[in-house]
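Only one structure is covered here, and it is reproduced in the block below.
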Amino acid sequence: MIYLDAAATSAVRREVLEAMWPYLTGDFGNPSSHHTVGESAARALAAARASVAAWLGCRASEVTFTSGGTEADNLAVKGIALANPRGRHIVTTPIEHEAVLESVDYLVRHHGFTVTFVPVGTDGLVSPGDFAAALRPDTTLASVMLANNEVGTVQPIAELAALAHAHGIPFHTDAVQAAGWLDLDVHALGVDALSVSGHKIGAPKGIGALYVRGRIPIEPVLHGGGQERGRRSGTENVAGAVALATAAGLAGESRQRNAAAASAARDGFVAAVLSEVPDARLTGHPSARLPGTASFVFPGTNGEAVLLELERRGIVSSSGSACAAGSEDASHVLLALGFDEDVARTAVRFSWGAEVDADALASVAPAVGEAVRTVAALGR
């Protein structure tokens, strides 16, 4: 089997499992407990927080552990918007992950916010000019994802954040898909908040983190015992935090080397698929995209049927966001890029980690051609 659905989730790395194992067994304490077992857990949590902070280029006190990217996005969007007295207006894009879009919708429905969706081009890029035009005196938050989870387009986040800051507006980015591929230094990006999730980089599901800059006020989404400096109540997942820290460290060590190799393999794979299937179209930006993502539409087919044909050939991929799997609606991302619904339903996303090399991808392209031709013939 060739696994090409890394954008949905990755396998837990052995080094990560070994690092977290002690905190699932002997050192199982609650880090808030004032005894030997609890203090051991507290030290591990503090060390993990410092490691994640080093990965993001921030202070340890600016890192809040969450249950994953969805909670981190919810906390950033709802928390910053509700704590900011500036106004009741949010700026975002129509291609954000559902965790951001649904958080914004919640604020609109229950707290009287309004929202401006900055359009994207057919390549998925946000125009800085369009973004600047959407900002208002009452804008309380801007949120634009660093890299799209379906088509892989990478946004000019540093430029967009600078535009927001020129108007005194906090800026959040969902960096869940970018983790492991792009530099997440928050000062280089210029962001005030940034979300990550462990299971995209070799940690288990159920752990993530949110960076929030310095004194940015934030209203908690979860209320209770006041853990995580009052930002996120609930007994901390110490083993998960250790896992995220370990995975982040490993990802940081090899990021540039892996990204360069994956980008070269991606470009070869894209060219091969477009050669195998002349009617295929690459979705997203041709170059400003994640190293390990290539997504296509195959007009005249059905994306789900192509996936089944690929799996019969030992290739696992997806039709888009795993969070929307099973939905009969066309991808909101592809619709925002200008595809009509019928074409959007033919989408197939291939995403991979550093363990998949150029040779493996080269073997996939002919299988894609076979699968597409089989489905197209059945539809005639």
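How things are named: the first chain in the structure tokens is A, the next is B, and so on; residues count from 1 in each chain; ligands count from 1 in the order shown.
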Run DSSP on the backbone of this structure and report the residues of segment 190-346 of chain A it assigns to alpha helix (DSSP H), as a VMD selection string.
chain A and resid 238 to 276 303 to 312 332 to 336 341 to 344
Could you dump the residues just selected with C-alpha atoms as a short mmCIF file (atom, residue, chain, number, x, y, z; two decimals), in the first residue's frame?
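For reference, part.cif as written:
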```
data_model
loop_
_atom_site.label_atom_id
_atom_site.label_comp_id
_atom_site.auth_asym_id
_atom_site.auth_seq_id
_atom_site.Cartn_x
_atom_site.Cartn_y
_atom_site.Cartn_z
CA VAL A 238 0.84 15.31 29.52
CA ALA A 239 1.64 12.32 27.31
CA GLY A 240 0.14 14.13 24.34
CA ALA A 241 2.11 17.29 25.07
CA VAL A 242 5.34 15.28 25.26
CA ALA A 243 4.38 13.60 21.98
CA LEU A 244 3.72 16.92 20.25
CA ALA A 245 7.01 18.35 21.51
CA THR A 246 8.93 15.30 20.32
CA ALA A 247 7.27 15.28 16.91
CA ALA A 248 7.85 19.02 16.53
CA GLY A 249 11.53 18.60 17.34
CA LEU A 250 11.92 15.83 14.77
CA ALA A 251 10.02 17.81 12.17
CA GLY A 252 12.14 20.88 12.76
CA GLU A 253 15.42 18.99 12.40
CA SER A 254 14.61 17.63 8.95
CA ARG A 255 12.13 20.21 7.62
CA GLN A 256 14.25 21.94 4.99
CA ARG A 257 15.74 18.72 3.62
CA ASN A 258 12.37 16.95 3.52
CA ALA A 259 10.60 19.94 1.96
CA ALA A 260 13.15 20.23 -0.84
CA ALA A 261 12.94 16.53 -1.69
CA ALA A 262 9.14 16.47 -1.49
CA SER A 263 8.78 19.56 -3.67
CA ALA A 264 10.88 18.01 -6.42
CA ALA A 265 8.94 14.74 -6.19
CA ARG A 266 5.64 16.67 -6.23
CA ASP A 267 6.50 18.56 -9.39
CA GLY A 268 7.44 15.34 -11.17
CA PHE A 269 4.25 13.67 -9.99
CA VAL A 270 2.07 16.58 -11.13
CA ALA A 271 3.64 16.54 -14.58
CA ALA A 272 3.20 12.78 -14.85
CA VAL A 273 -0.47 12.85 -13.83
CA LEU A 274 -1.26 15.67 -16.25
CA SER A 275 0.45 13.65 -18.97
CA GLU A 276 -1.50 10.49 -18.08
CA GLY A 303 -13.96 11.55 -7.31
CA GLU A 304 -15.18 8.88 -4.92
CA ALA A 305 -15.22 6.28 -7.70
CA VAL A 306 -11.64 7.20 -8.65
CA LEU A 307 -10.62 6.75 -5.01
CA LEU A 308 -12.08 3.24 -4.98
CA GLU A 309 -10.24 2.34 -8.17
CA LEU A 310 -7.00 3.67 -6.72
CA GLU A 311 -7.46 1.69 -3.52
CA ARG A 312 -7.93 -1.46 -5.60
CA HIS A 332 -16.41 24.72 -0.39
CA VAL A 333 -12.76 25.30 -1.24
CA LEU A 334 -13.10 24.29 -4.88
CA LEU A 335 -16.33 26.24 -5.25
CA ALA A 336 -14.52 29.33 -3.93
CA GLU A 341 -20.24 21.69 -8.50
CA ASP A 342 -20.02 18.82 -10.98
CA VAL A 343 -16.31 19.35 -11.57
CA ALA A 344 -15.64 19.92 -7.86
#
```
So that I can check the surroundings of Gly190 of chain A, please list as a ChimeraX atom specification every protein, DNA and RNA residue that reaches within 9 Å of it, counting only C-alpha atoms and ignoring chain neighbours fewer than 5 positions away.
/A:157-162,165,171,185
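Residues in contact range of Pro94 of chain A, defined as at most 12 Å between only C-alpha atoms, with sequence neighbours fewer than 6 positions away removed, read Val100, Leu101, Glu102, Val104, Asp105, Val115, Thr116, Phe117, Val118, Pro119, Val120, Gly121, Gly124, Leu125, Val126, Ser143, Val144, Met145, Asn148, Ser331, His332, Val333, Leu334, Leu335, Ala336, Leu337 and Gly338 of chain A.
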Write the residues you've just listed into a file as a compact mmCIF listing (two decimals), in the first residue's frame, and include N, CA and C atoms for each of them.
```txt
# COMPACT_ATOMS: atom_id res chain seq x y z
N VAL A 100 -12.49 27.05 11.56
CA VAL A 100 -12.52 28.51 11.55
C VAL A 100 -13.87 29.01 11.06
N LEU A 101 -14.35 28.45 9.95
CA LEU A 101 -15.61 28.93 9.38
C LEU A 101 -16.79 28.74 10.34
N GLU A 102 -16.84 27.60 11.00
CA GLU A 102 -17.94 27.35 11.93
C GLU A 102 -17.81 28.20 13.20
N VAL A 104 -16.58 31.26 13.20
CA VAL A 104 -17.05 32.57 12.76
C VAL A 104 -18.57 32.57 12.68
N ASP A 105 -19.13 31.50 12.13
CA ASP A 105 -20.59 31.41 12.02
C ASP A 105 -21.25 31.45 13.40
N VAL A 115 -19.21 39.42 9.16
CA VAL A 115 -17.98 38.84 8.60
C VAL A 115 -17.83 39.26 7.15
N THR A 116 -16.60 39.52 6.76
CA THR A 116 -16.26 39.75 5.37
C THR A 116 -15.35 38.62 4.91
N PHE A 117 -15.77 37.93 3.84
CA PHE A 117 -14.97 36.86 3.27
C PHE A 117 -14.17 37.43 2.10
N VAL A 118 -12.86 37.45 2.26
CA VAL A 118 -12.00 37.96 1.19
C VAL A 118 -11.93 36.90 0.09
N PRO A 119 -12.28 37.24 -1.14
CA PRO A 119 -12.26 36.24 -2.21
C PRO A 119 -10.85 35.77 -2.52
N VAL A 120 -10.75 34.60 -3.11
CA VAL A 120 -9.46 34.08 -3.54
C VAL A 120 -9.48 33.93 -5.06
N GLY A 121 -8.30 33.89 -5.65
CA GLY A 121 -8.22 33.68 -7.09
C GLY A 121 -8.44 32.23 -7.44
N GLY A 124 -6.34 29.94 -5.58
CA GLY A 124 -6.51 29.86 -4.13
C GLY A 124 -5.79 30.93 -3.34
N LEU A 125 -5.10 31.85 -4.02
CA LEU A 125 -4.35 32.88 -3.31
C LEU A 125 -5.24 34.07 -2.92
N VAL A 126 -4.96 34.61 -1.74
CA VAL A 126 -5.61 35.84 -1.27
C VAL A 126 -4.81 37.03 -1.79
N SER A 143 -8.39 36.26 10.20
CA SER A 143 -7.89 34.88 10.26
C SER A 143 -7.76 34.33 8.84
N VAL A 144 -6.54 33.99 8.46
CA VAL A 144 -6.26 33.41 7.15
C VAL A 144 -5.30 32.25 7.35
N MET A 145 -5.64 31.08 6.79
CA MET A 145 -4.80 29.90 6.99
C MET A 145 -3.49 30.02 6.23
N ASN A 148 -3.59 25.76 2.64
CA ASN A 148 -4.91 25.15 2.55
C ASN A 148 -4.83 23.64 2.64
N SER A 331 -16.95 20.47 -2.44
CA SER A 331 -15.97 21.15 -1.61
C SER A 331 -16.17 22.66 -1.63
N HIS A 332 -16.28 23.27 -0.44
CA HIS A 332 -16.41 24.72 -0.39
C HIS A 332 -15.15 25.40 -0.88
N VAL A 333 -14.02 24.73 -0.76
CA VAL A 333 -12.76 25.30 -1.24
C VAL A 333 -12.76 25.38 -2.76
N LEU A 334 -13.11 24.29 -3.42
CA LEU A 334 -13.10 24.29 -4.88
C LEU A 334 -14.17 25.21 -5.46
N LEU A 335 -15.31 25.30 -4.79
CA LEU A 335 -16.33 26.24 -5.25
C LEU A 335 -15.81 27.68 -5.16
N ALA A 336 -15.08 27.98 -4.09
CA ALA A 336 -14.52 29.33 -3.93
C ALA A 336 -13.46 29.63 -4.98
N LEU A 337 -12.80 28.57 -5.50
CA LEU A 337 -11.80 28.73 -6.55
C LEU A 337 -12.44 28.87 -7.93
N GLY A 338 -13.77 28.73 -8.00
CA GLY A 338 -14.47 28.94 -9.26
C GLY A 338 -14.89 27.70 -10.01
```
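Between atom CA of Arg215 of chain A and atom CA of Gly230 of chain A lies a distance of 13.3 Å.
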Which distance in Å separates atom CA of Pro31 of chain A and atom CA of Val221 of chain A, to one decimal?
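Computing it gives 21.1 Å between the two atoms.
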Once DSSP has gone over the backbone, tell me which residues of segment 187-234 of chain A are in strand (DSSP E), as a list in words.
Ala193, Leu194, Ser195, Val196, Ser197, Gly208, Ala209, Leu210, Tyr211 and Val212 of chain A
Excluding Arg289 of chain A and residues on its chain fewer than 2 positions from it, collect all residues at most 7 Å away from it, counting only C-alpha atoms, and give them as a list in words.
Gly152, Thr153, Val154, His285, Pro286, Ser287 and Pro291 of chain A
Residue contacts of Ala280 of chain A (8 Å, only C-alpha atoms) excluding same-chain residues fewer than 3 positions away, as a VMD selection string:
chain A and resid 273 to 274 277 296 to 299
Those residues you just picked out, can you put them in a file as a PDB file, in the first residue's frame with N, CA and C atoms?
```
ATOM      1  N   VAL A 273       0.985  13.024 -13.866  1.00  0.00           N
ATOM      2  CA  VAL A 273      -0.472  12.853 -13.834  1.00  0.00           C
ATOM      3  C   VAL A 273      -1.130  13.636 -14.963  1.00  0.00           C
ATOM      4  N   LEU A 274      -0.684  14.861 -15.177  1.00  0.00           N
ATOM      5  CA  LEU A 274      -1.262  15.671 -16.254  1.00  0.00           C
ATOM      6  C   LEU A 274      -0.968  15.068 -17.626  1.00  0.00           C
ATOM      7  N   VAL A 277      -3.415  11.954 -17.791  1.00  0.00           N
ATOM      8  CA  VAL A 277      -4.832  12.335 -17.908  1.00  0.00           C
ATOM      9  C   VAL A 277      -4.903  13.750 -18.492  1.00  0.00           C
ATOM     10  N   PHE A 296      -6.143  17.314  -7.780  1.00  0.00           N
ATOM     11  CA  PHE A 296      -6.600  17.426  -9.163  1.00  0.00           C
ATOM     12  C   PHE A 296      -8.122  17.306  -9.226  1.00  0.00           C
ATOM     13  N   VAL A 297      -8.688  17.827 -10.300  1.00  0.00           N
ATOM     14  CA  VAL A 297     -10.050  17.465 -10.684  1.00  0.00           C
ATOM     15  C   VAL A 297      -9.948  16.694 -11.993  1.00  0.00           C
ATOM     16  N   PHE A 298     -10.819  15.696 -12.128  1.00  0.00           N
ATOM     17  CA  PHE A 298     -10.837  14.842 -13.313  1.00  0.00           C
ATOM     18  C   PHE A 298     -12.231  14.921 -13.944  1.00  0.00           C
ATOM     19  N   PRO A 299     -12.497  15.955 -14.745  1.00  0.00           N
ATOM     20  CA  PRO A 299     -13.827  16.132 -15.341  1.00  0.00           C
ATOM     21  C   PRO A 299     -14.289  14.869 -16.069  1.00  0.00           C
TER      22      PRO A 299
END
```
Selection near Leu107 of chain A, 10 Å with only C-alpha atoms, sequence-local residues under 3 positions removed, as an NGL selection string
:A and (77-78 or 81-82 or 88-90 or 102-104 or 110-115)
Write a file of the just-selected residues containing N, CA and C atoms, as a PDB file, in the first residue's frame.
```
ATOM      1  N   VAL A  77     -10.271  31.985  17.372  1.00  0.00           N
ATOM      2  CA  VAL A  77     -11.280  32.825  16.726  1.00  0.00           C
ATOM      3  C   VAL A  77     -12.294  33.354  17.734  1.00  0.00           C
ATOM      4  N   LYS A  78     -12.911  32.459  18.478  1.00  0.00           N
ATOM      5  CA  LYS A  78     -13.909  32.899  19.464  1.00  0.00           C
ATOM      6  C   LYS A  78     -13.251  33.673  20.600  1.00  0.00           C
ATOM      7  N   ALA A  81     -11.842  37.192  19.446  1.00  0.00           N
ATOM      8  CA  ALA A  81     -12.942  38.067  19.022  1.00  0.00           C
ATOM      9  C   ALA A  81     -13.784  38.521  20.201  1.00  0.00           C
ATOM     10  N   LEU A  82     -14.090  37.593  21.099  1.00  0.00           N
ATOM     11  CA  LEU A  82     -14.953  37.942  22.228  1.00  0.00           C
ATOM     12  C   LEU A  82     -14.229  38.793  23.271  1.00  0.00           C
ATOM     13  N   ARG A  88     -17.275  44.264  16.275  1.00  0.00           N
ATOM     14  CA  ARG A  88     -17.957  42.990  16.035  1.00  0.00           C
ATOM     15  C   ARG A  88     -17.844  42.606  14.558  1.00  0.00           C
ATOM     16  N   HIS A  89     -16.635  42.736  14.013  1.00  0.00           N
ATOM     17  CA  HIS A  89     -16.432  42.409  12.600  1.00  0.00           C
ATOM     18  C   HIS A  89     -15.201  41.518  12.465  1.00  0.00           C
ATOM     19  N   ILE A  90     -15.314  40.467  11.638  1.00  0.00           N
ATOM     20  CA  ILE A  90     -14.214  39.528  11.408  1.00  0.00           C
ATOM     21  C   ILE A  90     -13.931  39.462   9.919  1.00  0.00           C
ATOM     22  N   GLU A 102     -16.839  27.597  11.002  1.00  0.00           N
ATOM     23  CA  GLU A 102     -17.942  27.348  11.933  1.00  0.00           C
ATOM     24  C   GLU A 102     -17.807  28.205  13.197  1.00  0.00           C
ATOM     25  N   SER A 103     -16.586  28.504  13.602  1.00  0.00           N
ATOM     26  CA  SER A 103     -16.392  29.401  14.749  1.00  0.00           C
ATOM     27  C   SER A 103     -16.878  30.805  14.416  1.00  0.00           C
ATOM     28  N   VAL A 104     -16.576  31.257  13.200  1.00  0.00           N
ATOM     29  CA  VAL A 104     -17.050  32.567  12.758  1.00  0.00           C
ATOM     30  C   VAL A 104     -18.572  32.568  12.675  1.00  0.00           C
ATOM     31  N   HIS A 110     -24.704  33.979  17.320  1.00  0.00           N
ATOM     32  CA  HIS A 110     -24.972  34.101  18.752  1.00  0.00           C
ATOM     33  C   HIS A 110     -24.432  35.380  19.403  1.00  0.00           C
ATOM     34  N   HIS A 111     -23.556  36.100  18.703  1.00  0.00           N
ATOM     35  CA  HIS A 111     -22.962  37.284  19.324  1.00  0.00           C
ATOM     36  C   HIS A 111     -23.029  38.531  18.447  1.00  0.00           C
ATOM     37  N   GLY A 112     -23.781  38.468  17.372  1.00  0.00           N
ATOM     38  CA  GLY A 112     -24.013  39.663  16.578  1.00  0.00           C
ATOM     39  C   GLY A 112     -22.854  40.144  15.739  1.00  0.00           C
ATOM     40  N   PHE A 113     -21.886  39.286  15.468  1.00  0.00           N
ATOM     41  CA  PHE A 113     -20.770  39.678  14.625  1.00  0.00           C
ATOM     42  C   PHE A 113     -21.191  39.716  13.158  1.00  0.00           C
ATOM     43  N   THR A 114     -20.426  40.476  12.373  1.00  0.00           N
ATOM     44  CA  THR A 114     -20.538  40.413  10.917  1.00  0.00           C
ATOM     45  C   THR A 114     -19.196  39.921  10.394  1.00  0.00           C
ATOM     46  N   VAL A 115     -19.207  39.415   9.159  1.00  0.00           N
ATOM     47  CA  VAL A 115     -17.980  38.840   8.600  1.00  0.00           C
ATOM     48  C   VAL A 115     -17.828  39.262   7.148  1.00  0.00           C
TER      49      VAL A 115
END
```
Any idea what's packed within 9 Å of Gly206 of chain A, counting only C-alpha atoms, ignoring anything in its chain fewer than 2 positions away? Could you give it as a compact mmCIF listing (two decimals) with C-alpha atoms, in the first residue's frame?
```
# COMPACT_ATOMS: atom_id res chain seq x y z
CA THR A 66 -5.35 21.92 23.25
CA SER A 67 -7.02 18.71 22.09
CA GLY A 68 -6.03 19.43 18.48
CA GLY A 69 -6.26 21.90 15.64
CA SER A 197 -2.14 19.83 15.50
CA GLY A 198 0.05 16.89 16.49
CA HIS A 199 -1.35 14.16 14.31
CA ALA A 203 2.13 12.64 17.15
CA PRO A 204 -1.14 10.91 18.08
CA GLY A 208 -2.57 20.38 19.53
CA ASN A 237 -2.77 15.69 28.39
CA GLY A 240 0.14 14.13 24.34
```
Closest of A:Gly300, A:Ala209, A:Leu361, A:Met20 to Leu378 of chain A - atom-to-atom distances counting only C-alpha atoms:
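Residue with the minimum atom-to-atom distance to Leu378 of chain A: A:Gly300.
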Between atom CA of Gly57 of chain A and atom CA of Asp192 of chain A, measure the distance and give it in Å to one decimal.
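Spanning atom CA of Gly57 of chain A to atom CA of Asp192 of chain A is a straight-line distance of 12.4 Å.
Residue nearest Glu228 of chain A, chosen from A:Val108, A:Ala179, A:Val63, A:Val212 and counting only C-alpha atoms: A:Val63.
Shortest atom-to-atom contact with Ala41 of chain A among A:Glu150, A:Thr235, A:Ala60, A:Ile2: A:Thr235, counting only C-alpha atoms.
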